[in-house]
Amino acid sequence: MKSLIRVASAPGKIILFGEHFVVYGTTAVVAAINRRTTARAQLVDKNKVIIRSDIGSAAEFGDFGAKVLEGGRDTKAILAPLYGAIRSVLIAHSQNSGVQVELKSQFPYGIGLGSSAASCVASAAAVDSLFRPHDKNWICERALESERMIHKNSSGADCYICTFGGIMRYGRDDGYTRIVTKSRLRLVVSNTGIRHSTGELVERVRKFRQDNLASFKDLSTQANEICIKALQSIKSGKIDKLGRLMLDNQELLRKIGVSHRKAEALIDLSMRAGAIGAKITGAGGGGAVIALASSSAECARIARAIRRAGYGSMEVELDSRGLVR
Ligand code: PMV
């Protein structure tokens, strides 16, 4: 048995503007952050796939089904998409050898930072590299297929941004467009400590829309306008304007019922510590909050204020590399 080891990593992501409304056809702006998930893949002699993650989950997958080696009841659900991606890579290479994949992440999972997508992309790429590596598009497709196993209505944005990095505009009808920015975006990502289920929050918004069709339409138009203005500010480097637009976007998210008391507390803390703007990122209902800062010193100040209040925070910049191997 060869003791070949291959490593790949993919960044986490934030949704800068337009979450939820994007599901109904408006524009969103999504960006990769400079925190990564790294997958280390190794061939093993038994015909099975072993996945170990540093969040305390480990399982063995094969023809027999799945056996949890470490972790709680949600272990299978957390690791199943990764197995899906790895299996699809093994099939494409006509391999029935066993593999072991170990995952380490620099950011928390379950709060909308794309942990699942980054893990799928990194795992698929690390396993693919054990044989004859395919390009990024191919890896993205494998990750997307398996992400859709858990999140049927996924826009696919997470896998895309984790694979290619940078800032992207995306929309259901016009796909992805890479955005070039003139300035460095410095952000603080803070953690409400409340894990969310994207599916449940998407469902909550579906109900809200069903019961409030006219007002949802109006809010969607506003969300789209905010995104268009934000794209102009990002391109021209007008950071102050971007901050105000984040607050406007948050107001809309509040109205459709996806904010949370703790997210509001983090937004308030960030603004009082000097942020230019702040909002939830991703599905909400807890999850993560992003705050935009004008300098690295401001960033550090905001992150400190949040930690002092007892919440997790990290200073981030954007990542332009995407998948690396
Ligand atoms: O899974 P999250 O927290 O990154 O949120 C997904 C963003 C939504 O707009 C709510 C859903 C989607 O598929 O775009």
# chains A, B, ... in the order shown; residues from 1 in each chain; ligands from 1

$ residues_around --residues "Leu90 of chain A" --least-positions-apart "5" --cutoff "12 Å" --atoms "only C-alpha atoms" --output "list of chain:residue names"
A:Leu43, A:Asn47, A:Lys48, A:Val49, A:Tyr83, A:Gly84, A:Ala85, A:Gln95, A:Asn96, A:Ser97, A:Gly98, A:Val99, A:Ser123, A:Ala124, A:Ala125, A:Ala126, A:Val127, A:Asp128, A:Ser129, A:Leu130, A:Phe131, A:Arg132, A:Pro133, A:Arg142

$ closest_atom_pairs --of "chain A" --to "ligand 1" --cutoff "6 Å" --atoms "only C-alpha atoms and all ligand atoms" --output "CSV"
residue,atom,partner,partner_atom_place_in_ligand_line,distance
A:Glu19,CA,ligand 1,9 (O),3.7
A:His20,CA,ligand 1,9 (O),3.7
A:Val22,CA,ligand 1,9 (O),5.7
A:Val23,CA,ligand 1,14 (O),5.5
A:Gly112,CA,ligand 1,3 (O),3.3
A:Leu113,CA,ligand 1,4 (O),5.9
A:Gly114,CA,ligand 1,4 (O),5.8
A:Ser154,CA,ligand 1,13 (O),3.9
A:Ser155,CA,ligand 1,13 (O),4.2
A:Thr198,CA,ligand 1,1 (O),4.8
A:Val202,CA,ligand 1,10 (C),5.7
A:Gly282,CA,ligand 1,3 (O),3.5
A:Ala283,CA,ligand 1,5 (O),3.8

$ closest_residue --among "A:Ala297, A:Val29, A:Ile139, A:Ile150" --to "Asn224 of chain A" --atoms "only C-alpha atoms"
A:Val29

$ closest_residue --among "A:Leu323, A:Val7, A:Ala77, A:Val180" --to "Ala143 of chain A" --atoms "only C-alpha atoms"
A:Leu323

$ residues_around --residues "Met314 of chain A" --least-positions-apart "5" --cutoff "7 Å" --atoms "only C-alpha atoms" --output "count of residues only"
4

$ residues_around --residues "Thr38 of chain A" --least-positions-apart "6" --cutoff "8 Å" --atoms "only C-alpha atoms" --output "compact mmCIF listing (two decimals) with N, CA, C and O atoms, in the first residue's frame"
# COMPACT_ATOMS: atom_id res chain seq x y z
N VAL A 7 -2.62 17.11 0.23
CA VAL A 7 -3.27 18.13 1.05
C VAL A 7 -3.92 19.19 0.15
O VAL A 7 -3.34 19.56 -0.87
N ALA A 8 -5.09 19.63 0.52
CA ALA A 8 -5.74 20.74 -0.20
C ALA A 8 -6.48 21.60 0.81
O ALA A 8 -6.90 21.10 1.86
N SER A 9 -6.61 22.89 0.51
CA SER A 9 -7.36 23.74 1.43
C SER A 9 -8.28 24.68 0.66
O SER A 9 -8.02 25.02 -0.50
N ALA A 10 -9.37 25.06 1.31
CA ALA A 10 -10.33 25.98 0.69
C ALA A 10 -10.80 26.99 1.74
O ALA A 10 -10.92 26.65 2.92
N LEU A 103 -9.66 16.55 8.48
CA LEU A 103 -9.99 17.97 8.25
C LEU A 103 -9.65 18.84 9.44
O LEU A 103 -9.91 18.46 10.58
N LYS A 104 -9.07 20.00 9.13
CA LYS A 104 -8.77 20.99 10.19
C LYS A 104 -9.28 22.33 9.69
O LYS A 104 -9.05 22.68 8.53
N SER A 105 -9.96 23.06 10.57
CA SER A 105 -10.51 24.33 10.09
C SER A 105 -10.09 25.51 10.96
O SER A 105 -9.92 25.37 12.17
N SER A 119 -15.14 22.29 3.35
CA SER A 119 -14.72 20.92 3.66
C SER A 119 -14.91 20.02 2.44
O SER A 119 -14.06 19.18 2.14
N ALA A 122 -12.27 21.04 -0.27
CA ALA A 122 -10.91 20.63 0.12
C ALA A 122 -10.77 19.11 0.10
O ALA A 122 -9.76 18.57 -0.38

$ atom_distance --atom1 "atom CA of Gly166 of chain A" --atom2 "atom CA of Ala32 of chain A"
5.5 Å

$ select_by_dssp --residues "segment 51-120 of chain A" --states "strand (DSSP E)" --output "mmCIF file with N, CA, C and O atoms, in the first residue's frame"
data_model
loop_
_atom_site.group_PDB
_atom_site.id
_atom_site.type_symbol
_atom_site.label_atom_id
_atom_site.label_comp_id
_atom_site.auth_asym_id
_atom_site.auth_seq_id
_atom_site.Cartn_x
_atom_site.Cartn_y
_atom_site.Cartn_z
ATOM 1 N N ILE A 51 -13.510 9.531 7.535
ATOM 2 C CA ILE A 51 -13.417 11.003 7.578
ATOM 3 C C ILE A 51 -13.321 11.435 9.048
ATOM 4 O O ILE A 51 -14.139 11.030 9.878
ATOM 5 N N ARG A 52 -12.293 12.217 9.340
ATOM 6 C CA ARG A 52 -12.110 12.745 10.700
ATOM 7 C C ARG A 52 -12.049 14.258 10.629
ATOM 8 O O ARG A 52 -11.295 14.804 9.837
ATOM 9 N N SER A 53 -12.855 14.903 11.470
ATOM 10 C CA SER A 53 -12.847 16.365 11.453
ATOM 11 C C SER A 53 -12.461 16.880 12.835
ATOM 12 O O SER A 53 -12.792 16.257 13.852
ATOM 13 N N SER A 57 -15.792 15.085 15.103
ATOM 14 C CA SER A 57 -16.635 14.122 14.391
ATOM 15 C C SER A 57 -15.747 13.202 13.554
ATOM 16 O O SER A 57 -14.834 13.677 12.873
ATOM 17 N N ALA A 58 -16.049 11.922 13.603
ATOM 18 C CA ALA A 58 -15.333 10.973 12.743
ATOM 19 C C ALA A 58 -16.284 9.834 12.403
ATOM 20 O O ALA A 58 -17.097 9.414 13.235
ATOM 21 N N ALA A 59 -16.211 9.367 11.168
ATOM 22 C CA ALA A 59 -17.065 8.240 10.753
ATOM 23 C C ALA A 59 -16.401 7.477 9.628
ATOM 24 O O ALA A 59 -15.512 7.990 8.942
ATOM 25 N N GLU A 60 -16.859 6.246 9.492
ATOM 26 C CA GLU A 60 -16.345 5.351 8.463
ATOM 27 C C GLU A 60 -17.514 5.077 7.515
ATOM 28 O O GLU A 60 -18.617 4.773 7.973
ATOM 29 N N PHE A 61 -17.304 5.230 6.232
ATOM 30 C CA PHE A 61 -18.383 5.001 5.260
ATOM 31 C C PHE A 61 -17.974 3.890 4.308
ATOM 32 O O PHE A 61 -16.802 3.724 3.987
ATOM 33 N N GLY A 62 -18.959 3.143 3.847
ATOM 34 C CA GLY A 62 -18.674 2.074 2.880
ATOM 35 C C GLY A 62 -19.970 1.424 2.454
ATOM 36 O O GLY A 62 -21.057 1.946 2.724
ATOM 37 N N GLY A 65 -22.788 1.073 4.883
ATOM 38 C CA GLY A 65 -23.456 2.278 5.401
ATOM 39 C C GLY A 65 -22.445 3.152 6.111
ATOM 40 O O GLY A 65 -21.315 3.273 5.649
ATOM 41 N N ALA A 66 -22.854 3.718 7.246
ATOM 42 C CA ALA A 66 -21.949 4.615 7.964
ATOM 43 C C ALA A 66 -21.816 4.179 9.419
ATOM 44 O O ALA A 66 -22.800 3.781 10.049
ATOM 45 N N LYS A 67 -20.594 4.240 9.931
ATOM 46 C CA LYS A 67 -20.371 3.911 11.342
ATOM 47 C C LYS A 67 -19.702 5.116 12.007
ATOM 48 O O LYS A 67 -18.642 5.572 11.542
ATOM 49 N N VAL A 68 -20.334 5.632 13.051
ATOM 50 C CA VAL A 68 -19.767 6.800 13.729
ATOM 51 C C VAL A 68 -18.600 6.349 14.611
ATOM 52 O O VAL A 68 -18.732 5.428 15.410
ATOM 53 N N LEU A 69 -17.451 6.986 14.456
ATOM 54 C CA LEU A 69 -16.283 6.646 15.281
ATOM 55 C C LEU A 69 -16.121 7.631 16.426
ATOM 56 O O LEU A 69 -15.586 7.318 17.468
ATOM 57 N N GLU A 70 -16.564 8.858 16.176
ATOM 58 C CA GLU A 70 -16.449 9.895 17.208
ATOM 59 C C GLU A 70 -17.512 10.955 16.961
ATOM 60 O O GLU A 70 -17.775 11.295 15.801
ATOM 61 N N GLY A 98 -9.343 2.376 -0.445
ATOM 62 C CA GLY A 98 -9.872 3.129 0.680
ATOM 63 C C GLY A 98 -9.117 4.437 0.847
ATOM 64 O O GLY A 98 -7.953 4.548 0.443
ATOM 65 N N VAL A 99 -9.786 5.423 1.408
ATOM 66 C CA VAL A 99 -9.076 6.668 1.725
ATOM 67 C C VAL A 99 -9.454 7.156 3.123
ATOM 68 O O VAL A 99 -10.548 6.876 3.616
ATOM 69 N N GLN A 100 -8.505 7.859 3.705
ATOM 70 C CA GLN A 100 -8.776 8.515 4.985
ATOM 71 C C GLN A 100 -8.576 10.011 4.773
ATOM 72 O O GLN A 100 -7.571 10.423 4.178
ATOM 73 N N VAL A 101 -9.534 10.817 5.218
ATOM 74 C CA VAL A 101 -9.419 12.269 5.055
ATOM 75 C C VAL A 101 -9.521 12.909 6.433
ATOM 76 O O VAL A 101 -10.450 12.634 7.193
ATOM 77 N N GLU A 102 -8.520 13.750 6.741
ATOM 78 C CA GLU A 102 -8.543 14.477 8.019
ATOM 79 C C GLU A 102 -8.744 15.956 7.747
ATOM 80 O O GLU A 102 -8.067 16.521 6.891
ATOM 81 N N LEU A 103 -9.664 16.554 8.483
ATOM 82 C CA LEU A 103 -9.989 17.967 8.248
ATOM 83 C C LEU A 103 -9.648 18.842 9.440
ATOM 84 O O LEU A 103 -9.911 18.455 10.583
ATOM 85 N N LYS A 104 -9.067 19.999 9.135
ATOM 86 C CA LYS A 104 -8.774 20.987 10.186
ATOM 87 C C LYS A 104 -9.277 22.334 9.692
ATOM 88 O O LYS A 104 -9.048 22.678 8.530
ATOM 89 N N SER A 105 -9.958 23.063 10.565
ATOM 90 C CA SER A 105 -10.508 24.328 10.091
ATOM 91 C C SER A 105 -10.091 25.507 10.961
ATOM 92 O O SER A 105 -9.923 25.366 12.167
#

$ select_by_dssp --residues "segment 47-286 of chain A" --states "alpha helix (DSSP H)" --output "MDAnalysis selection string"
chainID A and resid 75:92 115:129 136:150 157:164 198:211 213:236 239:255 261:272

$ write_last_selection --atoms "C-alpha atoms" --output "compact mmCIF listing (two decimals), in the first residue's frame"
# COMPACT_ATOMS: atom_id res chain seq x y z
CA THR A 75 -22.05 13.20 12.99
CA LYS A 76 -23.44 11.23 10.04
CA ALA A 77 -25.40 14.24 8.78
CA ILE A 78 -22.35 16.51 9.07
CA LEU A 79 -19.97 14.12 7.30
CA ALA A 80 -22.33 12.58 4.70
CA PRO A 81 -21.87 15.36 2.10
CA LEU A 82 -18.10 15.01 2.42
CA TYR A 83 -18.42 11.29 1.84
CA GLY A 84 -20.61 12.05 -1.19
CA ALA A 85 -17.92 14.31 -2.67
CA ILE A 86 -15.09 11.86 -1.93
CA ARG A 87 -17.05 8.92 -3.34
CA SER A 88 -17.83 10.79 -6.52
CA VAL A 89 -14.09 11.53 -6.97
CA LEU A 90 -13.17 7.88 -6.36
CA ILE A 91 -15.78 6.71 -8.90
CA ALA A 92 -14.49 9.20 -11.50
CA SER A 115 -17.64 25.32 6.53
CA SER A 116 -19.49 22.50 4.80
CA ALA A 117 -18.64 23.78 1.31
CA ALA A 118 -14.99 24.45 2.19
CA SER A 119 -14.72 20.92 3.66
CA CYS A 120 -16.32 19.35 0.56
CA VAL A 121 -14.12 21.32 -1.84
CA ALA A 122 -10.91 20.63 0.12
CA SER A 123 -11.73 16.91 0.61
CA ALA A 124 -12.66 16.36 -3.04
CA ALA A 125 -9.48 18.13 -4.18
CA ALA A 126 -7.17 16.31 -1.74
CA VAL A 127 -8.56 12.90 -2.79
CA ASP A 128 -8.49 13.87 -6.49
CA SER A 129 -4.78 14.77 -6.07
CA LYS A 136 -11.12 23.65 -10.20
CA ASN A 137 -14.36 23.57 -12.22
CA TRP A 138 -14.49 19.81 -11.91
CA ILE A 139 -13.86 19.90 -8.16
CA CYS A 140 -16.53 22.57 -7.72
CA GLU A 141 -19.07 20.34 -9.52
CA ARG A 142 -18.30 17.36 -7.23
CA ALA A 143 -18.68 19.53 -4.13
CA LEU A 144 -21.89 21.09 -5.44
CA GLU A 145 -23.52 17.73 -6.14
CA SER A 146 -22.88 16.59 -2.59
CA GLU A 147 -23.85 19.91 -0.96
CA ARG A 148 -27.21 19.62 -2.73
CA MET A 149 -27.74 16.33 -0.91
CA ILE A 150 -28.28 18.30 2.30
CA ALA A 157 -22.70 30.00 -4.07
CA ASP A 158 -20.72 28.55 -1.15
CA CYS A 159 -18.98 25.86 -3.23
CA TYR A 160 -18.31 28.30 -6.01
CA ILE A 161 -16.72 30.99 -3.83
CA CYS A 162 -14.77 28.42 -1.76
CA THR A 163 -13.31 26.99 -4.98
CA PHE A 164 -12.50 30.21 -6.81
CA THR A 198 -30.07 27.20 6.63
CA GLY A 199 -32.97 24.99 5.48
CA GLU A 200 -35.17 26.05 8.41
CA LEU A 201 -34.45 29.73 7.88
CA VAL A 202 -35.06 29.51 4.13
CA GLU A 203 -38.39 27.86 5.01
CA ARG A 204 -39.19 30.64 7.51
CA VAL A 205 -38.65 33.21 4.75
CA ARG A 206 -40.74 31.18 2.30
CA LYS A 207 -43.66 31.34 4.75
CA PHE A 208 -43.11 35.05 5.37
CA ARG A 209 -43.18 35.63 1.61
CA GLN A 210 -46.32 33.54 1.17
CA ASP A 211 -48.16 35.57 3.83
CA LEU A 213 -46.33 38.74 -0.93
CA ALA A 214 -46.64 42.45 -1.74
CA SER A 215 -44.33 43.64 1.01
CA PHE A 216 -41.81 40.87 0.25
CA LYS A 217 -41.73 42.04 -3.35
CA ASP A 218 -41.01 45.57 -2.20
CA LEU A 219 -38.28 44.39 0.21
CA SER A 220 -36.70 42.30 -2.58
CA THR A 221 -36.57 45.33 -4.85
CA GLN A 222 -34.84 47.26 -2.06
CA ALA A 223 -32.42 44.38 -1.44
CA ASN A 224 -31.53 44.30 -5.11
CA GLU A 225 -30.96 48.06 -5.20
CA ILE A 226 -28.69 47.79 -2.13
CA CYS A 227 -26.66 45.08 -3.90
CA ILE A 228 -26.27 47.14 -7.07
CA LYS A 229 -25.10 50.17 -5.05
CA ALA A 230 -22.80 47.95 -2.96
CA LEU A 231 -21.19 46.57 -6.11
CA GLN A 232 -20.47 50.12 -7.29
CA SER A 233 -18.96 50.99 -3.89
CA ILE A 234 -16.84 47.84 -3.84
CA LYS A 235 -15.53 48.51 -7.34
CA SER A 236 -14.72 52.15 -6.60
CA ILE A 239 -15.87 51.90 2.01
CA ASP A 240 -18.00 54.37 4.02
CA LYS A 241 -20.89 53.98 1.62
CA LEU A 242 -20.54 50.21 1.83
CA GLY A 243 -20.95 50.34 5.61
CA ARG A 244 -24.21 52.27 5.36
CA LEU A 245 -25.50 49.79 2.80
CA MET A 246 -24.74 46.92 5.19
CA LEU A 247 -26.95 48.55 7.82
CA ASP A 248 -29.71 49.06 5.24
CA ASN A 249 -29.46 45.39 4.25
CA GLN A 250 -29.66 44.36 7.90
CA GLU A 251 -32.90 46.35 8.25
CA LEU A 252 -34.46 44.24 5.48
CA LEU A 253 -33.23 41.00 7.04
CA ARG A 254 -34.78 42.08 10.33
CA LYS A 255 -38.10 42.70 8.57
CA ARG A 261 -31.38 39.11 19.60
CA LYS A 262 -27.72 38.08 19.91
CA ALA A 263 -26.96 39.08 16.31
CA GLU A 264 -28.47 42.50 17.06
CA ALA A 265 -26.31 42.75 20.21
CA LEU A 266 -23.19 41.98 18.14
CA ILE A 267 -24.15 44.54 15.49
CA ASP A 268 -24.66 47.12 18.23
CA LEU A 269 -21.34 46.27 19.91
CA SER A 270 -19.51 46.47 16.58
CA MET A 271 -21.01 49.85 15.70
CA ARG A 272 -20.26 51.29 19.13

$ atom_distance --atom1 "atom CA of Gly18 of chain A" --atom2 "atom CA of Arg301 of chain A"
27.0 Å

$ residues_around --residues "Leu16 of chain A" --least-positions-apart "3" --cutoff "7 Å" --atoms "only C-alpha atoms" --output "list in words"
Val29, Val30, Ala31 and Thr281 of chain A

$ write_last_selection --atoms "N, CA, C and O atoms" --output "CSV table (one decimal), in the first residue's frame"
chain,number,residue,atom,x,y,z
A,29,VAL,N,-24.0,39.4,-3.1
A,29,VAL,CA,-22.5,39.6,-3.2
A,29,VAL,C,-21.9,38.7,-2.1
A,29,VAL,O,-22.2,38.8,-0.9
A,30,VAL,N,-21.0,37.8,-2.6
A,30,VAL,CA,-20.4,36.9,-1.7
A,30,VAL,C,-18.9,36.9,-1.8
A,30,VAL,O,-18.4,37.3,-2.9
A,31,ALA,N,-18.1,36.7,-0.7
A,31,ALA,CA,-16.7,36.8,-0.8
A,31,ALA,C,-16.0,35.7,0.1
A,31,ALA,O,-16.6,35.2,1.1
A,281,THR,N,-24.5,37.6,8.4
A,281,THR,CA,-24.1,37.0,7.1
A,281,THR,C,-24.6,35.6,7.0
A,281,THR,O,-24.5,34.8,7.9

$ closest_residue --among "A:Gly12, A:Gly274, A:Gly237, A:Gly156" --to "Arg184 of chain A" --atoms "only C-alpha atoms"
A:Gly237

$ atom_distance --atom1 "atom CA of Ile167 of chain A" --atom2 "atom CA of Leu318 of chain A"
7.8 Å

$ decode --residues "segment 120-215 of chain A" --atoms "C-alpha atoms" --output "tab-separated table (two decimals), in the first residue's frame"
chain	number	residue	atom	x	y	z
A	120	CYS	CA	-16.32	19.35	0.56
A	121	VAL	CA	-14.12	21.32	-1.84
A	122	ALA	CA	-10.91	20.63	0.12
A	123	SER	CA	-11.73	16.91	0.61
A	124	ALA	CA	-12.66	16.36	-3.04
A	125	ALA	CA	-9.48	18.13	-4.18
A	126	ALA	CA	-7.17	16.31	-1.74
A	127	VAL	CA	-8.56	12.90	-2.79
A	128	ASP	CA	-8.49	13.87	-6.49
A	129	SER	CA	-4.78	14.77	-6.07
A	130	LEU	CA	-4.03	11.21	-4.94
A	131	PHE	CA	-4.69	10.19	-8.56
A	132	ARG	CA	-4.68	12.47	-11.61
A	133	PRO	CA	-5.88	15.93	-10.55
A	134	HIS	CA	-8.75	17.61	-12.38
A	135	ASP	CA	-9.24	21.37	-12.63
A	136	LYS	CA	-11.12	23.65	-10.20
A	137	ASN	CA	-14.36	23.57	-12.22
A	138	TRP	CA	-14.49	19.81	-11.91
A	139	ILE	CA	-13.86	19.90	-8.16
A	140	CYS	CA	-16.53	22.57	-7.72
A	141	GLU	CA	-19.07	20.34	-9.52
A	142	ARG	CA	-18.30	17.36	-7.23
A	143	ALA	CA	-18.68	19.53	-4.13
A	144	LEU	CA	-21.89	21.09	-5.44
A	145	GLU	CA	-23.52	17.73	-6.14
A	146	SER	CA	-22.88	16.59	-2.59
A	147	GLU	CA	-23.85	19.91	-0.96
A	148	ARG	CA	-27.21	19.62	-2.73
A	149	MET	CA	-27.74	16.33	-0.91
A	150	ILE	CA	-28.28	18.30	2.30
A	151	HIS	CA	-29.50	21.62	1.02
A	152	LYS	CA	-31.71	20.98	-2.00
A	153	ASN	CA	-32.44	24.63	-2.76
A	154	SER	CA	-28.81	25.64	-2.41
A	155	SER	CA	-27.82	28.45	-4.73
A	156	GLY	CA	-24.42	26.75	-4.94
A	157	ALA	CA	-22.70	30.00	-4.07
A	158	ASP	CA	-20.72	28.55	-1.15
A	159	CYS	CA	-18.98	25.86	-3.23
A	160	TYR	CA	-18.31	28.30	-6.01
A	161	ILE	CA	-16.72	30.99	-3.83
A	162	CYS	CA	-14.77	28.42	-1.76
A	163	THR	CA	-13.31	26.99	-4.98
A	164	PHE	CA	-12.50	30.21	-6.81
A	165	GLY	CA	-12.01	32.78	-4.01
A	166	GLY	CA	-12.36	36.56	-4.38
A	167	ILE	CA	-15.60	38.57	-4.41
A	168	MET	CA	-18.46	37.55	-6.62
A	169	ARG	CA	-21.82	38.84	-7.60
A	170	TYR	CA	-24.28	36.04	-8.08
A	171	GLY	CA	-27.86	35.71	-9.14
A	172	ARG	CA	-30.12	32.82	-10.05
A	173	ASP	CA	-30.41	33.94	-13.65
A	174	ASP	CA	-27.05	35.54	-14.40
A	175	GLY	CA	-24.71	33.14	-12.55
A	176	TYR	CA	-21.38	34.35	-11.15
A	177	THR	CA	-19.38	37.43	-12.00
A	178	ARG	CA	-16.02	38.13	-10.39
A	179	ILE	CA	-15.70	41.63	-8.88
A	180	VAL	CA	-12.46	43.56	-8.77
A	181	THR	CA	-12.09	45.90	-5.81
A	182	LYS	CA	-9.83	48.93	-5.41
A	183	SER	CA	-9.50	48.65	-1.67
A	184	ARG	CA	-8.81	46.07	1.00
A	185	LEU	CA	-11.90	45.07	2.91
A	186	ARG	CA	-11.19	44.56	6.61
A	187	LEU	CA	-13.91	42.86	8.55
A	188	VAL	CA	-14.62	41.39	11.95
A	189	VAL	CA	-16.62	38.18	11.95
A	190	SER	CA	-18.32	37.55	15.28
A	191	ASN	CA	-20.14	34.50	16.49
A	192	THR	CA	-23.53	34.56	18.26
A	193	GLY	CA	-22.71	31.02	19.41
A	194	ILE	CA	-26.01	29.86	17.96
A	195	ARG	CA	-25.73	27.36	15.11
A	196	HIS	CA	-28.39	27.72	12.49
A	197	SER	CA	-30.09	25.47	10.00
A	198	THR	CA	-30.07	27.20	6.63
A	199	GLY	CA	-32.97	24.99	5.48
A	200	GLU	CA	-35.17	26.05	8.41
A	201	LEU	CA	-34.45	29.73	7.88
A	202	VAL	CA	-35.06	29.51	4.13
A	203	GLU	CA	-38.39	27.86	5.01
A	204	ARG	CA	-39.19	30.64	7.51
A	205	VAL	CA	-38.65	33.21	4.75
A	206	ARG	CA	-40.74	31.18	2.30
A	207	LYS	CA	-43.66	31.34	4.75
A	208	PHE	CA	-43.11	35.05	5.37
A	209	ARG	CA	-43.18	35.63	1.61
A	210	GLN	CA	-46.32	33.54	1.17
A	211	ASP	CA	-48.16	35.57	3.83
A	212	ASN	CA	-46.78	38.97	2.81
A	213	LEU	CA	-46.33	38.74	-0.93
A	214	ALA	CA	-46.64	42.45	-1.74
A	215	SER	CA	-44.33	43.64	1.01
